[in-house]
Amino acid sequence: MLDVLIIGAGASGCFTALRLKEEDPSLKVAILERQSHALQKVKVSGGGRCNVTQDSEDVAYLLKHYPRQHKQVKGQLKAFSPNDMRLWLKHHFVETVAEADGRVFPKSNDSQEIIEVFLNELKRYNVPIHYNESAVSAERNAGEDAFHVVTQTGNDFHAKRLVLSTGSQEQGYRLAESLGLPLTPLVPSLFTFCVKDDRLHACAGVSLDAVELTLNIPHIAKPFKQNGAFLLTHWGVSGPAVLKLSAQSAVELYASKYKATLFVDALPTQTQDVTRLALLGVQAENHKRDVKNIKPHEALPWRYWELILEQLNIPLDKKWCDVSKKELNQLVEGIHHLALAVDGKGVFKEEFVTAGGVDADGLHLQTLEAKHHAHLYVVGELLNVDGMTGGFNFQHCWASANAAAVAISSSF
Ligand SMILES: Cc1cc2nc3c(=O)[nH]c(=O)nc-3n(C[C@H](O)[C@H](O)[C@H](O)COP(=O)(O)OP(=O)(O)OC[C@H]3O[C@@H](n4cnc5c(N)ncnc54)[C@H](O)[C@@H]3O)c2cc1C
């Protein structure tokens, strides 16, 4: 009989095992993994560099990056912060580096370094990972305070405590449901937006460093807003501001079948009055020049400026002296409020997560133990928690794993 069985050898499952053994090395712990390798998402994370956490100890700041679950993660983040993870890694000889935008990576820029540390530590603690063993059923042994887990190969495992860390795998949600855990609907998060507009083709690859995006979704009264870098592609829009917006509005966009209107403010730190004055100045000084050749602000890329002119049906070779007052006002609108019709969800290969999952209502938040099923714990992405890009999703894995491990070790 095992003390603890963990289903899923991803970031959250492996870290739960490590923290358990650190708390109490005498515990008999094992992990089941349906694939032939552990930590496969860590491997591909952050473009192979693994954005392991965020460079902030400000809980209020961190919480802003979990759009729907502030209360759910607060205690866990306080108990195990980004710096705690960096110290844990340092203690295991992995140096980390924070980038200007707060993302933290191993100094080696190689996710494999994290994987090796985890696997070496698990080996040192004698925690076996049973590969190619997909848990298909889990139930409490009749009359016994223990769980009985059966895998697709027919092997079975008995354990006093059970941890579910199956990420966003369908089978994991079914296991959780079969154990009576409530689920909130699953919807994708962290995706790019498709925009069906042929004019965008000419702008593919154009990026703006700092825009403000406003997303209006039909039947949703309050628009969603985000700031940040923005990228135009062949099929739509991408970049950090779009990803953050997708996380914030994941549930509402899913309900609208990914139809919405996106407004782009290309100069958000400048008022519309200042933009109007800049346009009047350009016009006064460049009477005989084509509009396409003189733009009112250097932060507007040339091709983006042309997109604005095309959207407003202002001929590119129109002379500045022929631009009417009405057209000047339209240009102000185009710069601060360019409308793009969102029509679908793009596929973002760098990072995507699933929003929804095991609902907080079914768990004690400090310990992540099921309220109606003693000794059953849930960690990581299987929970109804999803963060924005920037290391917030892994940080939730570390913090939830820590919370469960501390609770489990003190429950014996
Ligand atoms: C391409 C990509 C890049 C990313 N980059 C980053 C990043 O840089 N920073 C960041 O913070 N987040 C990133 N994320 C998100 C992050 O990877 C996830 O939040 C995190 O991996 C979730 O960890 P987890 O352990 O909960 O689930 P997972 O990593 O999905 O692990 C679950 C494990 O359980 C196994 N499993 C499932 N069902 C069963 C079963 N029935 N029996 C046995 N085993 C089972 C799975 O095979 C898997 O190994 C990225 C995601 C993707 C897809």
# chains A, B, ... in the order shown; residues from 1 in each chain; ligands from 1

call {"tool": "residues_near_ligand", "arguments": {"ligand": "ligand 1", "cutoff": "7 Å", "atoms": "only C-alpha atoms and all ligand atoms", "output": "MDAnalysis selection string"}}
result
chainID A and resid 7:13 32:35 38:42 44:47 50:53 133:136 165:169 171:172 349:353 379:382 389:395 397

call {"tool": "residues_around", "arguments": {"residues": "stretch 176-186 of chain A", "least_positions_apart": "6", "cutoff": "9 Å", "atoms": "only C-alpha atoms", "output": "list in words"}}
result
Ser137, Ala138, Glu139, Arg140, Leu164, Ser168, Val251, Thr354, Ala355, Gly356, Gly357, Val358, Asp359, Ala360, Asp361, Gly362, Leu363, Ala370, Lys371, His372, His373, Leu376, Val378, Leu382, Leu383 and Asn384 of chain A

call {"tool": "closest_residue", "arguments": {"among": "A:Gly48, A:Asp110, A:Lys295, A:Arg161", "to": "A:Ser409", "atoms": "only C-alpha atoms"}}
result
A:Arg161

call {"tool": "residues_around", "arguments": {"residues": "A:Leu280", "least_positions_apart": "3", "cutoff": "10 Å", "atoms": "only C-alpha atoms", "output": "PyMOL selection string"}}
result
chain A and resi 274-277+283-286+296+320+325+328

call {"tool": "closest_atom_pairs", "arguments": {"of": "stretch 3-105 of chain A", "to": "stretch 153-157 of chain A", "cutoff": "12 Å", "atoms": "only C-alpha atoms", "output": "JSON lines"}}
result
{"residue": "A:Asp3", "atom": "CA", "partner": "A:Phe157", "partner_atom": "CA", "distance": 10.9}
{"residue": "A:Val4", "atom": "CA", "partner": "A:Phe157", "partner_atom": "CA", "distance": 10.3}
{"residue": "A:Leu5", "atom": "CA", "partner": "A:Phe157", "partner_atom": "CA", "distance": 7.9}
{"residue": "A:Ile6", "atom": "CA", "partner": "A:Phe157", "partner_atom": "CA", "distance": 10.6}
{"residue": "A:Ile7", "atom": "CA", "partner": "A:Phe157", "partner_atom": "CA", "distance": 10.8}
{"residue": "A:Val29", "atom": "CA", "partner": "A:Phe157", "partner_atom": "CA", "distance": 11.4}
{"residue": "A:Ala30", "atom": "CA", "partner": "A:Phe157", "partner_atom": "CA", "distance": 9.5}
{"residue": "A:Ile31", "atom": "CA", "partner": "A:Phe157", "partner_atom": "CA", "distance": 10.3}
{"residue": "A:Leu32", "atom": "CA", "partner": "A:Phe157", "partner_atom": "CA", "distance": 9.5}
{"residue": "A:Arg34", "atom": "CA", "partner": "A:Thr153", "partner_atom": "CA", "distance": 10.3}

call {"tool": "write_last_selection", "arguments": {"atoms": "C-alpha atoms", "output": "tab-separated table (two decimals), in the first residue's frame"}}
result
chain	number	residue	atom	x	y	z
A	3	ASP	CA	1.04	6.43	1.20
A	4	VAL	CA	0.42	8.72	-1.79
A	5	LEU	CA	-0.37	7.98	-5.42
A	6	ILE	CA	-0.12	10.88	-7.88
A	7	ILE	CA	-1.84	10.57	-11.26
A	29	VAL	CA	5.02	7.94	-3.02
A	30	ALA	CA	4.54	6.86	-6.66
A	31	ILE	CA	3.43	8.58	-9.87
A	32	LEU	CA	1.41	7.20	-12.79
A	34	ARG	CA	0.06	7.76	-19.37

call {"tool": "closest_residue", "arguments": {"among": "A:Gly75, A:Leu2, A:Pro218, A:Val323", "to": "A:Val149", "atoms": "only C-alpha atoms"}}
result
A:Leu2

call {"tool": "closest_atom_pairs", "arguments": {"of": "stretch 135-199 of chain A", "to": "stretch 237-241 of chain A", "cutoff": "9 Å", "atoms": "only C-alpha atoms", "output": "CSV"}}
result
residue,atom,partner,partner_atom,distance
A:Phe191,CA,A:Ser238,CA,8.1
A:Thr192,CA,A:Ser238,CA,5.1
A:Phe193,CA,A:Val237,CA,5.5
A:Cys194,CA,A:Val237,CA,6.6
A:Val195,CA,A:Val237,CA,7.0

call {"tool": "residues_around", "arguments": {"residues": "stretch 61-64 of chain A", "least_positions_apart": "5", "cutoff": "10 Å", "atoms": "only C-alpha atoms", "output": "ChimeraX atom specification"}}
result
/A:54-56,69-74,77,81-82,248,387-388,392,395

call {"tool": "write_last_selection", "arguments": {"atoms": "N, CA and C atoms", "output": "PDB file, in the first residue's frame"}}
result
ATOM      1  N   GLN A  54       7.232  34.195 -12.473  1.00  0.00           N
ATOM      2  CA  GLN A  54       7.237  35.643 -12.681  1.00  0.00           C
ATOM      3  C   GLN A  54       8.139  36.310 -11.667  1.00  0.00           C
ATOM      4  N   ASP A  55       8.676  37.445 -12.024  1.00  0.00           N
ATOM      5  CA  ASP A  55       9.564  38.174 -11.124  1.00  0.00           C
ATOM      6  C   ASP A  55       8.751  39.172 -10.299  1.00  0.00           C
ATOM      7  N   SER A  56       7.898  38.667  -9.410  1.00  0.00           N
ATOM      8  CA  SER A  56       7.142  39.587  -8.552  1.00  0.00           C
ATOM      9  C   SER A  56       6.743  38.875  -7.267  1.00  0.00           C
ATOM     10  N   GLN A  69      -9.974  33.673 -11.021  1.00  0.00           N
ATOM     11  CA  GLN A  69      -9.872  32.899  -9.778  1.00  0.00           C
ATOM     12  C   GLN A  69      -8.990  33.557  -8.726  1.00  0.00           C
ATOM     13  N   HIS A  70      -9.199  34.860  -8.500  1.00  0.00           N
ATOM     14  CA  HIS A  70      -8.354  35.576  -7.538  1.00  0.00           C
ATOM     15  C   HIS A  70      -8.349  34.887  -6.181  1.00  0.00           C
ATOM     16  N   LYS A  71      -9.578  34.621  -5.678  1.00  0.00           N
ATOM     17  CA  LYS A  71      -9.689  34.092  -4.309  1.00  0.00           C
ATOM     18  C   LYS A  71      -9.067  32.710  -4.223  1.00  0.00           C
ATOM     19  N   GLN A  72      -9.232  31.953  -5.284  1.00  0.00           N
ATOM     20  CA  GLN A  72      -8.816  30.553  -5.267  1.00  0.00           C
ATOM     21  C   GLN A  72      -7.306  30.392  -5.104  1.00  0.00           C
ATOM     22  N   VAL A  73      -6.543  31.306  -5.688  1.00  0.00           N
ATOM     23  CA  VAL A  73      -5.091  31.111  -5.695  1.00  0.00           C
ATOM     24  C   VAL A  73      -4.344  31.957  -4.664  1.00  0.00           C
ATOM     25  N   LYS A  74      -5.055  32.911  -4.050  1.00  0.00           N
ATOM     26  CA  LYS A  74      -4.376  33.873  -3.182  1.00  0.00           C
ATOM     27  C   LYS A  74      -3.552  33.197  -2.082  1.00  0.00           C
ATOM     28  N   LEU A  77      -0.506  31.255  -3.349  1.00  0.00           N
ATOM     29  CA  LEU A  77       0.604  32.095  -3.816  1.00  0.00           C
ATOM     30  C   LEU A  77       1.333  32.754  -2.652  1.00  0.00           C
ATOM     31  N   SER A  81       5.577  31.512  -3.095  1.00  0.00           N
ATOM     32  CA  SER A  81       5.611  32.634  -4.037  1.00  0.00           C
ATOM     33  C   SER A  81       6.582  32.350  -5.188  1.00  0.00           C
ATOM     34  N   PRO A  82       6.599  33.210  -6.210  1.00  0.00           N
ATOM     35  CA  PRO A  82       7.586  33.040  -7.277  1.00  0.00           C
ATOM     36  C   PRO A  82       9.015  32.974  -6.745  1.00  0.00           C
ATOM     37  N   GLN A 248      -8.580  36.890 -20.498  1.00  0.00           N
ATOM     38  CA  GLN A 248      -9.551  37.651 -19.720  1.00  0.00           C
ATOM     39  C   GLN A 248     -10.984  37.357 -20.176  1.00  0.00           C
ATOM     40  N   GLY A 387      -3.948  31.060 -15.855  1.00  0.00           N
ATOM     41  CA  GLY A 387      -3.272  32.347 -15.760  1.00  0.00           C
ATOM     42  C   GLY A 387      -2.961  32.905 -17.139  1.00  0.00           C
ATOM     43  N   MET A 388      -2.470  34.127 -17.145  1.00  0.00           N
ATOM     44  CA  MET A 388      -2.044  34.741 -18.411  1.00  0.00           C
ATOM     45  C   MET A 388      -0.636  34.258 -18.745  1.00  0.00           C
ATOM     46  N   PHE A 392       2.752  32.561 -15.142  1.00  0.00           N
ATOM     47  CA  PHE A 392       1.714  32.477 -14.109  1.00  0.00           C
ATOM     48  C   PHE A 392       1.118  31.069 -14.019  1.00  0.00           C
ATOM     49  N   GLN A 395       3.590  28.951 -12.136  1.00  0.00           N
ATOM     50  CA  GLN A 395       3.603  29.364 -10.730  1.00  0.00           C
ATOM     51  C   GLN A 395       2.407  28.777  -9.999  1.00  0.00           C
TER      52      GLN A 395
END

call {"tool": "select_by_dssp", "arguments": {"residues": "stretch 153-309 of chain A", "states": "alpha helix (DSSP H)", "output": "number ranges by chain"}}
result
A: 170-178, 240-248, 250-255, 272-285, 302-309

call {"tool": "atom_distance", "arguments": {"atom1": "atom CA of A:Glu298", "atom2": "atom CA of A:Leu267"}}
result
10.2 Å

call {"tool": "atom_distance", "arguments": {"atom1": "atom CA of A:Thr96", "atom2": "atom CA of A:Ile408"}}
result
29.0 Å

call {"tool": "decode", "arguments": {"residues": "stretch 289-323 of chain A", "atoms": "N, CA and C atoms", "output": "mmCIF file, in the first residue's frame"}}
result
data_model
loop_
_atom_site.group_PDB
_atom_site.id
_atom_site.type_symbol
_atom_site.label_atom_id
_atom_site.label_comp_id
_atom_site.auth_asym_id
_atom_site.auth_seq_id
_atom_site.Cartn_x
_atom_site.Cartn_y
_atom_site.Cartn_z
ATOM 1 N N ARG A 289 2.446 66.634 -50.487
ATOM 2 C CA ARG A 289 2.910 65.239 -50.340
ATOM 3 C C ARG A 289 1.715 64.282 -50.280
ATOM 4 N N ASP A 290 1.964 63.015 -50.715
ATOM 5 C CA ASP A 290 0.913 61.993 -50.613
ATOM 6 C C ASP A 290 0.701 61.627 -49.143
ATOM 7 N N VAL A 291 -0.562 61.335 -48.793
ATOM 8 C CA VAL A 291 -0.833 60.988 -47.380
ATOM 9 C C VAL A 291 -0.048 59.753 -46.955
ATOM 10 N N LYS A 292 0.136 58.831 -47.876
ATOM 11 C CA LYS A 292 0.797 57.575 -47.471
ATOM 12 C C LYS A 292 2.282 57.786 -47.104
ATOM 13 N N ASN A 293 2.850 58.918 -47.554
ATOM 14 C CA ASN A 293 4.282 59.129 -47.326
ATOM 15 C C ASN A 293 4.618 59.937 -46.075
ATOM 16 N N ILE A 294 3.611 60.516 -45.449
ATOM 17 C CA ILE A 294 3.859 61.287 -44.224
ATOM 18 C C ILE A 294 2.881 60.806 -43.158
ATOM 19 N N LYS A 295 3.400 60.349 -42.030
ATOM 20 C CA LYS A 295 2.516 59.858 -40.963
ATOM 21 C C LYS A 295 2.676 60.753 -39.738
ATOM 22 N N PRO A 296 1.647 60.767 -38.901
ATOM 23 C CA PRO A 296 1.660 61.756 -37.804
ATOM 24 C C PRO A 296 2.432 61.323 -36.560
ATOM 25 N N HIS A 297 2.919 60.082 -36.488
ATOM 26 C CA HIS A 297 3.655 59.662 -35.289
ATOM 27 C C HIS A 297 4.595 58.533 -35.670
ATOM 28 N N GLU A 298 5.819 58.578 -35.138
ATOM 29 C CA GLU A 298 6.806 57.551 -35.541
ATOM 30 C C GLU A 298 6.459 56.156 -35.014
ATOM 31 N N ALA A 299 5.598 56.096 -33.971
ATOM 32 C CA ALA A 299 5.241 54.775 -33.419
ATOM 33 C C ALA A 299 4.287 54.010 -34.332
ATOM 34 N N LEU A 300 3.754 54.695 -35.361
ATOM 35 C CA LEU A 300 2.866 54.006 -36.307
ATOM 36 C C LEU A 300 3.716 53.413 -37.423
ATOM 37 N N PRO A 301 3.775 52.078 -37.544
ATOM 38 C CA PRO A 301 4.534 51.513 -38.665
ATOM 39 C C PRO A 301 3.896 51.927 -39.995
ATOM 40 N N TRP A 302 4.716 52.047 -41.040
ATOM 41 C CA TRP A 302 4.204 52.526 -42.330
ATOM 42 C C TRP A 302 3.036 51.695 -42.841
ATOM 43 N N ARG A 303 3.171 50.391 -42.762
ATOM 44 C CA ARG A 303 2.103 49.549 -43.319
ATOM 45 C C ARG A 303 0.825 49.646 -42.490
ATOM 46 N N TYR A 304 0.993 49.896 -41.198
ATOM 47 C CA TYR A 304 -0.186 50.069 -40.347
ATOM 48 C C TYR A 304 -0.884 51.386 -40.703
ATOM 49 N N TRP A 305 -0.088 52.424 -40.999
ATOM 50 C CA TRP A 305 -0.642 53.718 -41.404
ATOM 51 C C TRP A 305 -1.450 53.550 -42.695
ATOM 52 N N GLU A 306 -0.899 52.742 -43.598
ATOM 53 C CA GLU A 306 -1.629 52.482 -44.860
ATOM 54 C C GLU A 306 -2.927 51.724 -44.586
ATOM 55 N N LEU A 307 -2.890 50.803 -43.636
ATOM 56 C CA LEU A 307 -4.102 50.050 -43.282
ATOM 57 C C LEU A 307 -5.195 51.005 -42.802
ATOM 58 N N ILE A 308 -4.791 51.976 -41.972
ATOM 59 C CA ILE A 308 -5.769 52.956 -41.471
ATOM 60 C C ILE A 308 -6.363 53.737 -42.655
ATOM 61 N N LEU A 309 -5.499 54.189 -43.569
ATOM 62 C CA LEU A 309 -5.979 54.959 -44.734
ATOM 63 C C LEU A 309 -6.938 54.104 -45.567
ATOM 64 N N GLU A 310 -6.563 52.826 -45.760
ATOM 65 C CA GLU A 310 -7.417 51.939 -46.570
ATOM 66 C C GLU A 310 -8.754 51.700 -45.895
ATOM 67 N N GLN A 311 -8.722 51.507 -44.588
ATOM 68 C CA GLN A 311 -9.978 51.274 -43.854
ATOM 69 C C GLN A 311 -10.916 52.465 -43.989
ATOM 70 N N LEU A 312 -10.330 53.666 -44.093
ATOM 71 C CA LEU A 312 -11.140 54.888 -44.183
ATOM 72 C C LEU A 312 -11.427 55.267 -45.630
ATOM 73 N N ASN A 313 -10.991 54.405 -46.562
ATOM 74 C CA ASN A 313 -11.187 54.683 -48.004
ATOM 75 C C ASN A 313 -10.570 56.003 -48.437
ATOM 76 N N ILE A 314 -9.454 56.358 -47.812
ATOM 77 C CA ILE A 314 -8.725 57.561 -48.243
ATOM 78 C C ILE A 314 -7.644 57.090 -49.224
ATOM 79 N N PRO A 315 -7.692 57.522 -50.495
ATOM 80 C CA PRO A 315 -6.695 57.047 -51.464
ATOM 81 C C PRO A 315 -5.277 57.331 -50.973
ATOM 82 N N LEU A 316 -4.389 56.358 -51.151
ATOM 83 C CA LEU A 316 -3.021 56.488 -50.626
ATOM 84 C C LEU A 316 -2.270 57.653 -51.272
ATOM 85 N N ASP A 317 -2.666 57.981 -52.537
ATOM 86 C CA ASP A 317 -1.941 59.063 -53.220
ATOM 87 C C ASP A 317 -2.654 60.407 -53.091
ATOM 88 N N LYS A 318 -3.602 60.478 -52.191
ATOM 89 C CA LYS A 318 -4.268 61.765 -51.971
ATOM 90 C C LYS A 318 -3.252 62.752 -51.385
ATOM 91 N N LYS A 319 -3.321 64.008 -51.832
ATOM 92 C CA LYS A 319 -2.384 65.013 -51.295
ATOM 93 C C LYS A 319 -2.901 65.497 -49.930
ATOM 94 N N TRP A 320 -1.971 65.806 -49.051
ATOM 95 C CA TRP A 320 -2.373 66.247 -47.717
ATOM 96 C C TRP A 320 -3.270 67.480 -47.779
ATOM 97 N N CYS A 321 -3.030 68.348 -48.755
ATOM 98 C CA CYS A 321 -3.839 69.566 -48.822
ATOM 99 C C CYS A 321 -5.306 69.265 -49.174
ATOM 100 N N ASP A 322 -5.550 68.079 -49.762
ATOM 101 C CA ASP A 322 -6.922 67.726 -50.147
ATOM 102 C C ASP A 322 -7.662 66.942 -49.068
ATOM 103 N N VAL A 323 -6.986 66.676 -47.945
ATOM 104 C CA VAL A 323 -7.649 65.925 -46.862
ATOM 105 C C VAL A 323 -8.631 66.867 -46.161
#
